Amino acid sequence: MTGIFQSALGGGRALLVGWVLPSLINVLILGFAVVPELSRFDALGAQAARSVIFGLVATAVLGLVLAALQTPLYRVLEGYLGWPNWLARVRRRRHLARKHLLRNRLDAASLAGRERAGHLTDDERAALKAFRAHPVISRHLARDLRKGPVWFAVLDERLHRYPLDDGQVAPTRLGNAIRRFEEYGYDRYRLDSQVLWFELNAAVPEPVRKQTDEARMSVDFFICLLYGHLVVAEAAAIDLAMGAARPWLVVATMVGLLPLTVIWYRLAVVATDEWAGAVRAMVNLGRQPLATALALTLPRTLDEERAMWRVLGELVSSGFRPGLDALDAYRADPGDAEDAPAPTPPAAGEGSQPA
């Protein structure tokens, strides 16, 4: 535990808040409800030292193990790992249909508002007529219009938790919520933030880097709670099968924890909004320092900038090949690169790549 707190003081606050704190919550549940005879949490006053030692060691082990496994843990919830191909395809089609329905509902509501204001063109009037003739969209349209502008903002928020490119749609809500900001840099600037993440993280100003790390902590917190609840529920099931001393409490713990995992999952999806905003800021504000750190000159036009980042991404991801020397057109004068300030490296524990 001393090492964990030293890490927290040295920049590992994300580890402490995102993984150790929720692990402590799960250890306390395990100690009080499932294995009190091991933890002696049922006799806290008489066995205080043993209880504290059990809690600290179990919290440290569980938190560090889950943090070390965070990439595969995220990938399972995103729908990339451990999913049968047929199920992943079905879920992708379902989420793609949800995305299109949200887009159509917002478009239909916007056209209905323009109709009331008397601003519809002939093409828009035909589109609105088609929406009203659709059996699903028409039913949603009537309800959406009754709920008003605040509801439209909620629908727009849900839509923006999907990636813009239909080909990037993932099998799960969390996968889509994360994929939307993983594709942001490439969609806008052809800057592949997944390939250039560590270079980008090293080049951006410290406040931007810190903002990204802190934004991810909330998502990590709920993910750790979710997996910790599953571990505790499994331990409770084993304890029940072996003849628990207090079966009613063990069953109540299992029944209570499983629905909570659904709540933590949904809260993790909502928490990605802040993470997405932080990554968006990192891409927008980090392009110039990244180009300078790589001895490149940011072009004046967006088309040229997109071409530069595309070539650089291919160079980094797949190695040099004929045609990638087009990057020479964007290389800065060596004297200018020497005069540029060096990027500030991230502190220990910071700069973790998006899942």
# chains A, B, ... in the order shown; residues from 1 in each chain; ligands from 1
>>> residues_around(residues="A:Arg216", least_positions_apart="5", cutoff="9 Å", atoms="only C-alpha atoms", output="ChimeraX atom specification")
/A:14,18,211,221,271-272,274-275,278,354
>>> write_last_selection(atoms="C-alpha atoms", output="CSV table (one decimal), in the first residue's frame")
chain,number,residue,atom,x,y,z
A,14,ALA,CA,-5.7,7.8,-11.8
A,18,GLY,CA,-9.9,4.7,-10.8
A,211,GLN,CA,-7.4,16.8,-18.2
A,221,PHE,CA,-13.9,3.8,-11.5
A,271,ALA,CA,-18.8,9.2,-18.1
A,272,THR,CA,-17.1,8.8,-21.5
A,274,GLU,CA,-16.0,14.0,-20.5
A,275,TRP,CA,-13.2,11.6,-21.7
A,278,ALA,CA,-10.6,15.7,-23.3
A,354,PRO,CA,-7.5,5.0,-24.7
>>> residues_around(residues="A:Asp187", least_positions_apart="5", cutoff="10 Å", atoms="only C-alpha atoms", output="ChimeraX atom specification")
/A:163-165,180-182,192,306
>>> residues_around(residues="A:His95", least_positions_apart="3", cutoff="8 Å", atoms="only C-alpha atoms", output="ChimeraX atom specification")
/A:91-92,98-99,169-173
>>> write_last_selection(atoms="N, CA and C atoms", output="compact mmCIF listing (two decimals), in the first residue's frame")
# COMPACT_ATOMS: atom_id res chain seq x y z
N ARG A 91 -25.09 -7.59 -32.83
CA ARG A 91 -25.07 -6.39 -31.99
C ARG A 91 -24.66 -5.16 -32.79
N ARG A 92 -23.74 -5.31 -33.74
CA ARG A 92 -23.36 -4.17 -34.57
C ARG A 92 -24.54 -3.69 -35.40
N ARG A 98 -29.97 1.61 -34.29
CA ARG A 98 -30.27 2.62 -33.28
C ARG A 98 -29.69 3.97 -33.66
N LYS A 99 -28.48 3.97 -34.18
CA LYS A 99 -27.85 5.22 -34.59
C LYS A 99 -28.67 5.90 -35.69
N VAL A 169 -18.90 1.38 -36.13
CA VAL A 169 -19.85 1.05 -35.08
C VAL A 169 -19.48 -0.28 -34.42
N ALA A 170 -19.48 -0.29 -33.09
CA ALA A 170 -19.06 -1.46 -32.30
C ALA A 170 -20.29 -2.21 -31.78
N PRO A 171 -20.08 -3.40 -31.22
CA PRO A 171 -21.23 -4.21 -30.75
C PRO A 171 -21.87 -3.73 -29.46
N THR A 172 -21.23 -2.84 -28.70
CA THR A 172 -21.76 -2.45 -27.39
C THR A 172 -21.82 -0.93 -27.26
N ARG A 173 -22.58 -0.48 -26.25
CA ARG A 173 -22.67 0.96 -26.00
C ARG A 173 -21.32 1.54 -25.62
>>> residues_around(residues="A:Gly113", least_positions_apart="2", cutoff="12 Å", atoms="only C-alpha atoms", output="PyMOL selection string")
chain A and resi 106-111+115-120+124-125+128+141+144-146+148-149+152
>>> select_by_dssp(residues="stretch 3-222 of chain A", states="helix (DSSP H, G or I)", output="PyMOL selection string")
chain A and resi 3-9+13-34+36-39+41-43+48-68+70-78+85-117+122-133+135-147+149-159+166-168+173-182+184-189+197-203+206-222
